[in-house]
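K.L.:
Would you mind keeping the following structure in view while I ask a few things?
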Amino acid sequence: MTKHFDEAYRILAANDRGGYTVPTDRLYPFQWNWDSAFVAMGFATFDIDRAYRELERLTEGQWADGMIPHIVFHQPSDTYFPGPDVWRTSHTIPTSGITQPPVFGIALRAVHEAAEKAGTEDAKARTLALFQAGLKWHRWWYKARDPEGTGLVALLHPWESGSDNSPAWDIALARVPTTTDTAVVRKDTGHVDAAMRPRDEDYRRFIHLVDTYAACGWVPAEQWGKAPFKVAEIQTTGILLKAGEDLEHLANSLGLEAEALELANYNDLTRKALLAQWRPAFSRFVSRDLISGEDIEAPTQAGFIPLLSLDVDADIVDAAVAEMKLWSNGMKVGFPTTKPFVGSFEPKRYWRGPSWAIINWLLIDGLARNGMNDMAAALRSNTVGAIEAEGFAEYFDPITGEGCGGLGFSWTAAAYLCLAGQ
Ligand code: GLC
């Protein structure tokens with residue numbers, strides 16, 4: 001197998017803006033939260049100092065209440081909408097006002113372990129500072145996004161899921177008005193084919209939500225009361241639990257007993273809540289729409305992400321794996337983000353069908369955790385093969401394997417370094 005490591009290194013270097021990495025030039029010209037966490041794990045395979053730096057620069061955006069925003073606008077750029085003037089937040093440096101999946105804790109453990117292995121001198125001090133930031137963020141999740149203590153955390157904007165345009169949001173988002181006083185001047189469709197991007201109408205809903213929360217002064221309790229979109233979400237909660245386990249592990253190895261106990265309590269609560277979201281009739285887990293009180297039944301990849309942080313019984317593993325095989329059947333590149341050929345499946349429109357290397361990475365880890373090593377290995381070589389054939393695209397058409405969206409993508413490079421290096 002030809003290895004394309006040099007190309008991956010070149011992409012990470014080209015997207016470096018001074019200690020942080022943009023997802024790709026022009027389309028995403030700032031620091032994105034979960035992108036940076038994946039990128040830090042990629043850096044940890046060859047440059048530990050740079051891996052720490054990526055996470056440190058992300059925490060420059062952390063708010064006083066503990067939230068780490070989905071975008072940190074370190075430097076201005078006019079190639080992206082919505083910019084700081086639309087978000088109207090008040091942190092010391094401009095940021096968005098919403099968050100993204102907390103991969104941070106997972107990345108921190110990976111970086112720390114790579115540093116220990118390499119005998120890096122300042123590893124402990126750097127890990128400790130980042131651990132405190134991570135813990136503060138997890139506290140924020142439980143306080144701001146699970147005020148009733150259910151164990152599942154809620155999203156108030158589809159973009160917080162990282163799976164921005166997923167059919168999982170169709171019903172909940174349709175309730176959000178399309179009205180906004182903000183001029184919606186999209187930039188994304190100037191960089192990539194509009195057929196791969198969200199519809200205009202949905203963009204107006206996305207901005208309506210931003211207007212609503214800006215009017216709450218971005219105060220979590222007020223947003224919770226006013227939110228027209230509120231979803232207790234299993235992909236984010238599954239990631240939160242894995243990151244919570246990794247932070248708990250770090251707390252123990254750093255000798256932080258009280259913090260380890262606090263994290264263990266969060267993790268126990270979430271473990272039970274997440275397991276209760278399994279639906280045997282669908283052979284997958286489901287999110288809950290907190291406005292209607294109903295399960296979200298749209299078939300998306302999120303239904304399998306909880307395997308990342310749960311050790312489930314054999315009957316659940318068998319059912320989930322059989323369902324995953326059904327979705328992958330006949331696909332050139334797994335794993336589709338929407339079940340192939342249902343009405344909402346669009347193999348080229350982002351998050352409505354395409355395969356993403358970082359989602360595969362999470363699924364691979366979840367399969368391996370639950371003993372499905374052959375399937376994990378097959379998905380890994382399928383993902384690596386897709387990147388080697390098509391390049392470091394944002395995502396892949398699962399039917400044809402074609403690379404789509406932005407090119408020279410940082411997290412695809414990071415995924416390659418971690419998956420092909422194994
Ligand atoms: C898109 C994706 C999101 C990602 C961002 C930058 O908005 O939906 O998950 O973080 O691009 O890559």
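Letters for chains follow the order of the structure tokens (A, B, ...), residue numbers begin at 1 for each chain, and ligand numbers begin at 1 in the order shown.
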Using only C-alpha atoms, determine which residues lie at most 6 Å from region 203-218 of chain A, disregarding the query and same-chain residues fewer than 4 positions distant; provide the list as a list in words.
P.N.:
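Here the qualifying residues turn out to be Val176, Pro177, Thr178, Thr180, Glu222 and Gln223 of chain A.
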K.L.:
Would you kindly return, as number ranges by chain, each protein, DNA or RNA residue with an atom no farther than 10 Å from any atom of Ala172 (chain A), considering only C-alpha atoms and excluding same-chain residues fewer than 2 positions away?
P.N.:
A: 158, 167-170, 174-176, 228-231, 289-292, 296
K.L.:
Measuring between only C-alpha atoms, which one of A:Gly238, A:Pro29, A:Gly105, A:Gly385 shows the shortest distance to Trp137 (chain A)?
P.N.:
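Ranked by minimum distance to Trp137 (chain A), first place goes to A:Gly105.
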K.L.:
Produce as a ChimeraX atom specification the set of residues near ligand 1, where near means within 7 Å with only C-alpha atoms and all ligand atoms considered.
P.N.:
/A:23,28,32-35,159,162-165
K.L.:
Select, from A:Asp49, A:Asp397, A:Glu233, A:Glu390, the residue with the minimum atom-to-atom distance to Asp122 (chain A), counting only C-alpha atoms.
P.N.:
A:Asp49
K.L.:
With only C-alpha atoms as the basis for distance, which of A:Pro398, A:Ser309, A:Thr120, A:Thr338 is at the shortest distance from Leu363 (chain A)?
P.N.:
A:Ser309
K.L.:
Among region 250-295 of chain A, which ones does DSSP place in strand (DSSP E), written as a VMD selection string?
P.N.:
chain A and resid 278 to 279 284 to 285 287 to 289 295
K.L.:
Let's have the selection written as a PDB file, in the first residue's frame, with N, CA and C atoms.
P.N.:
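What landed in part36.pdb:
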ATOM      1  N   TRP A 278     -31.062   3.135  23.343  1.00  0.00           N
ATOM      2  CA  TRP A 278     -31.041   2.035  22.359  1.00  0.00           C
ATOM      3  C   TRP A 278     -32.474   1.664  22.000  1.00  0.00           C
ATOM      4  N   ARG A 279     -32.744   1.517  20.689  1.00  0.00           N
ATOM      5  CA  ARG A 279     -34.083   1.120  20.248  1.00  0.00           C
ATOM      6  C   ARG A 279     -33.965  -0.173  19.448  1.00  0.00           C
ATOM      7  N   ARG A 284     -30.484   0.631  16.526  1.00  0.00           N
ATOM      8  CA  ARG A 284     -29.557   1.756  16.746  1.00  0.00           C
ATOM      9  C   ARG A 284     -30.055   2.598  17.910  1.00  0.00           C
ATOM     10  N   PHE A 285     -29.205   3.535  18.322  1.00  0.00           N
ATOM     11  CA  PHE A 285     -29.564   4.478  19.378  1.00  0.00           C
ATOM     12  C   PHE A 285     -30.278   5.672  18.738  1.00  0.00           C
ATOM     13  N   SER A 287     -31.667   9.977  19.273  1.00  0.00           N
ATOM     14  CA  SER A 287     -31.685  11.234  20.025  1.00  0.00           C
ATOM     15  C   SER A 287     -33.133  11.571  20.372  1.00  0.00           C
ATOM     16  N   ARG A 288     -33.303  12.567  21.260  1.00  0.00           N
ATOM     17  CA  ARG A 288     -34.657  12.983  21.593  1.00  0.00           C
ATOM     18  C   ARG A 288     -34.852  14.471  21.336  1.00  0.00           C
ATOM     19  N   ASP A 289     -35.970  14.782  20.670  1.00  0.00           N
ATOM     20  CA  ASP A 289     -36.352  16.166  20.422  1.00  0.00           C
ATOM     21  C   ASP A 289     -37.011  16.681  21.702  1.00  0.00           C
ATOM     22  N   ASP A 295     -38.767  10.756  20.072  1.00  0.00           N
ATOM     23  CA  ASP A 295     -37.520  10.228  19.540  1.00  0.00           C
ATOM     24  C   ASP A 295     -37.279  10.799  18.144  1.00  0.00           C
TER      25      ASP A 295
END
K.L.:
From the set A:Arg17, A:Arg145, A:His191, A:Lys325, which residue has the shortest atom-to-atom contact distance to Ala376 (chain A), counting only C-alpha atoms?
P.N.:
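Once distances to Ala376 (chain A) are computed over only C-alpha atoms, the minimum belongs to A:Lys325.
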K.L.:
Would you kindly return, as number ranges by chain, each protein, DNA or RNA residue with an atom no farther than 12 Å from any atom of Ala144 (chain A), considering only C-alpha atoms and excluding same-chain residues fewer than 4 positions away?
P.N.:
A: 65-67, 98-99, 136-140, 148-149, 152-156, 218-225
K.L.:
Near region 3-6 of chain A, within 10 Å and counting only C-alpha atoms, which residues show up once chain neighbours fewer than 3 positions away are dropped, as a list in words?
P.N.:
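In the requested format, the answer is Tyr9, Arg10, Ile11, Val384, Gly385, Ile387, Glu388, Gly391, Phe392, Ala413, Ala414, Tyr416, Leu417, Ala420 and Gly421 of chain A.
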K.L.:
Considering only C-alpha atoms, can you say which of A:Asp365, A:Glu245, A:Asp193, A:Asp374 comes closest to Arg349 (chain A)?
P.N.:
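Distance minimum relative to Arg349 (chain A) lands on A:Asp193.
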K.L.:
Counting only C-alpha atoms, which of A:Val185, A:Val72, A:Ala314, A:Met196 gets nearest to Gly405 (chain A)?
P.N.:
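Using only C-alpha atoms, the shortest distance to Gly405 (chain A) belongs to A:Met196.
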K.L.:
For a test of reading the model, state the distance in Å between CA of Pro102 (chain A) and CA of Ser90 (chain A), rounded to one decimal.
P.N.:
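Separation of CA of Pro102 (chain A) and CA of Ser90 (chain A): 21.8 Å.
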K.L.:
Could you name the residues that touch Tyr20 (chain A) at 12 Å or less, counting only C-alpha atoms, but leaving out those on the same chain fewer than 4 positions away, as a PDB file with C-alpha atoms, in the first residue's frame?
P.N.:
ATOM      1  CA  LEU A  12      -1.286  20.321   8.036  1.00  0.00           C
ATOM      2  CA  ALA A  13       1.635  22.682   7.398  1.00  0.00           C
ATOM      3  CA  ALA A  14      -0.271  24.585   4.697  1.00  0.00           C
ATOM      4  CA  ASN A  15      -3.289  25.039   6.967  1.00  0.00           C
ATOM      5  CA  ASP A  16      -1.196  26.209   9.940  1.00  0.00           C
ATOM      6  CA  THR A  24      -9.217  24.176   4.924  1.00  0.00           C
ATOM      7  CA  PRO A  29     -10.609  30.208   7.561  1.00  0.00           C
ATOM      8  CA  PHE A  30     -10.620  30.095  11.415  1.00  0.00           C
ATOM      9  CA  GLN A  31     -10.032  27.581  14.212  1.00  0.00           C
ATOM     10  CA  TRP A  32     -12.866  25.061  14.533  1.00  0.00           C
ATOM     11  CA  ASN A  33     -13.318  23.228  17.814  1.00  0.00           C
ATOM     12  CA  ASP A  35     -11.517  19.799  13.923  1.00  0.00           C
ATOM     13  CA  SER A  36      -8.649  20.988  16.126  1.00  0.00           C
ATOM     14  CA  ALA A  37      -9.085  18.100  18.545  1.00  0.00           C
ATOM     15  CA  VAL A  39      -5.875  17.546  14.246  1.00  0.00           C
ATOM     16  CA  ALA A  40      -4.072  17.501  17.618  1.00  0.00           C
ATOM     17  CA  PHE A  43       0.074  16.051  15.217  1.00  0.00           C
ATOM     18  CA  ASP A  49       4.761  20.321  20.895  1.00  0.00           C
ATOM     19  CA  ARG A  50       2.543  21.295  17.959  1.00  0.00           C
ATOM     20  CA  ALA A  51      -0.178  18.916  19.190  1.00  0.00           C
ATOM     21  CA  TYR A  52      -0.285  20.651  22.574  1.00  0.00           C
ATOM     22  CA  ARG A  53      -0.181  24.036  20.855  1.00  0.00           C
ATOM     23  CA  GLU A  54      -3.312  23.222  18.822  1.00  0.00           C
ATOM     24  CA  LEU A  55      -5.294  22.525  21.997  1.00  0.00           C
ATOM     25  CA  GLU A  56      -3.795  25.484  23.851  1.00  0.00           C
ATOM     26  CA  ARG A  57      -4.796  27.894  21.112  1.00  0.00           C
ATOM     27  CA  LEU A  58      -8.317  26.470  21.145  1.00  0.00           C
ATOM     28  CA  THR A  59      -8.617  27.174  24.871  1.00  0.00           C
ATOM     29  CA  GLU A  60      -7.805  30.847  24.207  1.00  0.00           C
ATOM     30  CA  GLY A  61     -11.415  30.961  23.066  1.00  0.00           C
ATOM     31  CA  ILE A  71     -15.182  28.767  16.124  1.00  0.00           C
ATOM     32  CA  VAL A  72     -12.353  30.955  17.423  1.00  0.00           C
ATOM     33  CA  PHE A  73     -11.844  33.942  15.098  1.00  0.00           C
ATOM     34  CA  HIS A  74      -8.137  34.500  15.806  1.00  0.00           C
ATOM     35  CA  GLN A  75      -7.701  36.715  12.726  1.00  0.00           C
ATOM     36  CA  SER A 410      -6.896  19.084   7.914  1.00  0.00           C
TER      37      SER A 410
END
K.L.:
Neighbouring residues of Leu308 (chain A) were defined as those with any atom within 10 Å, considering only C-alpha atoms; residues of the same chain fewer than 6 positions away were excluded. Please report them as a ChimeraX atom specification.
P.N.:
/A:235,238-239,241-242,361-370
K.L.:
If you count only C-alpha atoms, which residues fall within 10 Å of Gly83 (chain A), apart from same-chain ones fewer than 2 positions away, as a PDB file with N, CA and C atoms, in the first residue's frame?
P.N.:
ATOM      1  N   PHE A  30     -10.900  29.812   9.994  1.00  0.00           N
ATOM      2  CA  PHE A  30     -10.620  30.095  11.415  1.00  0.00           C
ATOM      3  C   PHE A  30     -10.298  28.781  12.128  1.00  0.00           C
ATOM      4  N   ILE A  71     -16.209  28.093  16.940  1.00  0.00           N
ATOM      5  CA  ILE A  71     -15.182  28.767  16.124  1.00  0.00           C
ATOM      6  C   ILE A  71     -14.459  29.805  16.973  1.00  0.00           C
ATOM      7  N   PHE A  73     -12.235  33.053  16.204  1.00  0.00           N
ATOM      8  CA  PHE A  73     -11.844  33.942  15.098  1.00  0.00           C
ATOM      9  C   PHE A  73     -10.522  34.630  15.453  1.00  0.00           C
ATOM     10  N   PRO A  76      -9.102  38.173  11.365  1.00  0.00           N
ATOM     11  CA  PRO A  76     -10.241  38.408  10.470  1.00  0.00           C
ATOM     12  C   PRO A  76     -10.080  37.708   9.114  1.00  0.00           C
ATOM     13  N   SER A  77     -11.226  37.413   8.488  1.00  0.00           N
ATOM     14  CA  SER A  77     -11.207  36.873   7.124  1.00  0.00           C
ATOM     15  C   SER A  77     -12.561  37.205   6.517  1.00  0.00           C
ATOM     16  N   ASP A  78     -12.585  37.557   5.245  1.00  0.00           N
ATOM     17  CA  ASP A  78     -13.888  37.883   4.654  1.00  0.00           C
ATOM     18  C   ASP A  78     -14.397  36.765   3.757  1.00  0.00           C
ATOM     19  N   THR A  79     -13.836  35.546   3.929  1.00  0.00           N
ATOM     20  CA  THR A  79     -14.292  34.461   3.051  1.00  0.00           C
ATOM     21  C   THR A  79     -15.301  33.547   3.733  1.00  0.00           C
ATOM     22  N   TYR A  80     -15.780  33.931   4.945  1.00  0.00           N
ATOM     23  CA  TYR A  80     -16.698  33.065   5.680  1.00  0.00           C
ATOM     24  C   TYR A  80     -17.878  33.863   6.228  1.00  0.00           C
ATOM     25  N   PHE A  81     -19.062  33.281   6.186  1.00  0.00           N
ATOM     26  CA  PHE A  81     -20.253  33.838   6.826  1.00  0.00           C
ATOM     27  C   PHE A  81     -20.875  32.733   7.677  1.00  0.00           C
ATOM     28  N   ASP A  85     -19.423  39.714  13.568  1.00  0.00           N
ATOM     29  CA  ASP A  85     -20.479  40.739  13.656  1.00  0.00           C
ATOM     30  C   ASP A  85     -21.868  40.115  13.752  1.00  0.00           C
ATOM     31  N   VAL A  86     -22.016  38.908  13.254  1.00  0.00           N
ATOM     32  CA  VAL A  86     -23.315  38.226  13.346  1.00  0.00           C
ATOM     33  C   VAL A  86     -23.460  37.557  14.722  1.00  0.00           C
ATOM     34  N   TRP A  87     -22.377  37.037  15.258  1.00  0.00           N
ATOM     35  CA  TRP A  87     -22.456  36.312  16.538  1.00  0.00           C
ATOM     36  C   TRP A  87     -22.636  37.266  17.734  1.00  0.00           C
ATOM     37  N   ARG A  88     -22.020  38.425  17.668  1.00  0.00           N
ATOM     38  CA  ARG A  88     -22.187  39.434  18.747  1.00  0.00           C
ATOM     39  C   ARG A  88     -21.899  38.854  20.135  1.00  0.00           C
ATOM     40  N   PRO A  94     -12.710  37.396  19.511  1.00  0.00           N
ATOM     41  CA  PRO A  94     -14.000  37.048  18.905  1.00  0.00           C
ATOM     42  C   PRO A  94     -14.176  35.532  18.745  1.00  0.00           C
ATOM     43  N   THR A  95     -15.361  35.062  19.075  1.00  0.00           N
ATOM     44  CA  THR A  95     -15.698  33.640  18.906  1.00  0.00           C
ATOM     45  C   THR A  95     -17.152  33.550  18.466  1.00  0.00           C
ATOM     46  N   SER A  96     -17.552  32.343  18.037  1.00  0.00           N
ATOM     47  CA  SER A  96     -18.982  32.107  17.828  1.00  0.00           C
ATOM     48  C   SER A  96     -19.615  31.957  19.213  1.00  0.00           C
TER      49      SER A  96
END
K.L.:
CA of Tyr142 (chain A) and CA of Ala110 (chain A) are how many Å apart?
P.N.:
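The value is 23.5 Å.
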K.L.:
Can you work out the spacing between CA of Ala319 (chain A) and CA of Asn267 (chain A) in Å, to one decimal?
P.N.:
24.6 Å
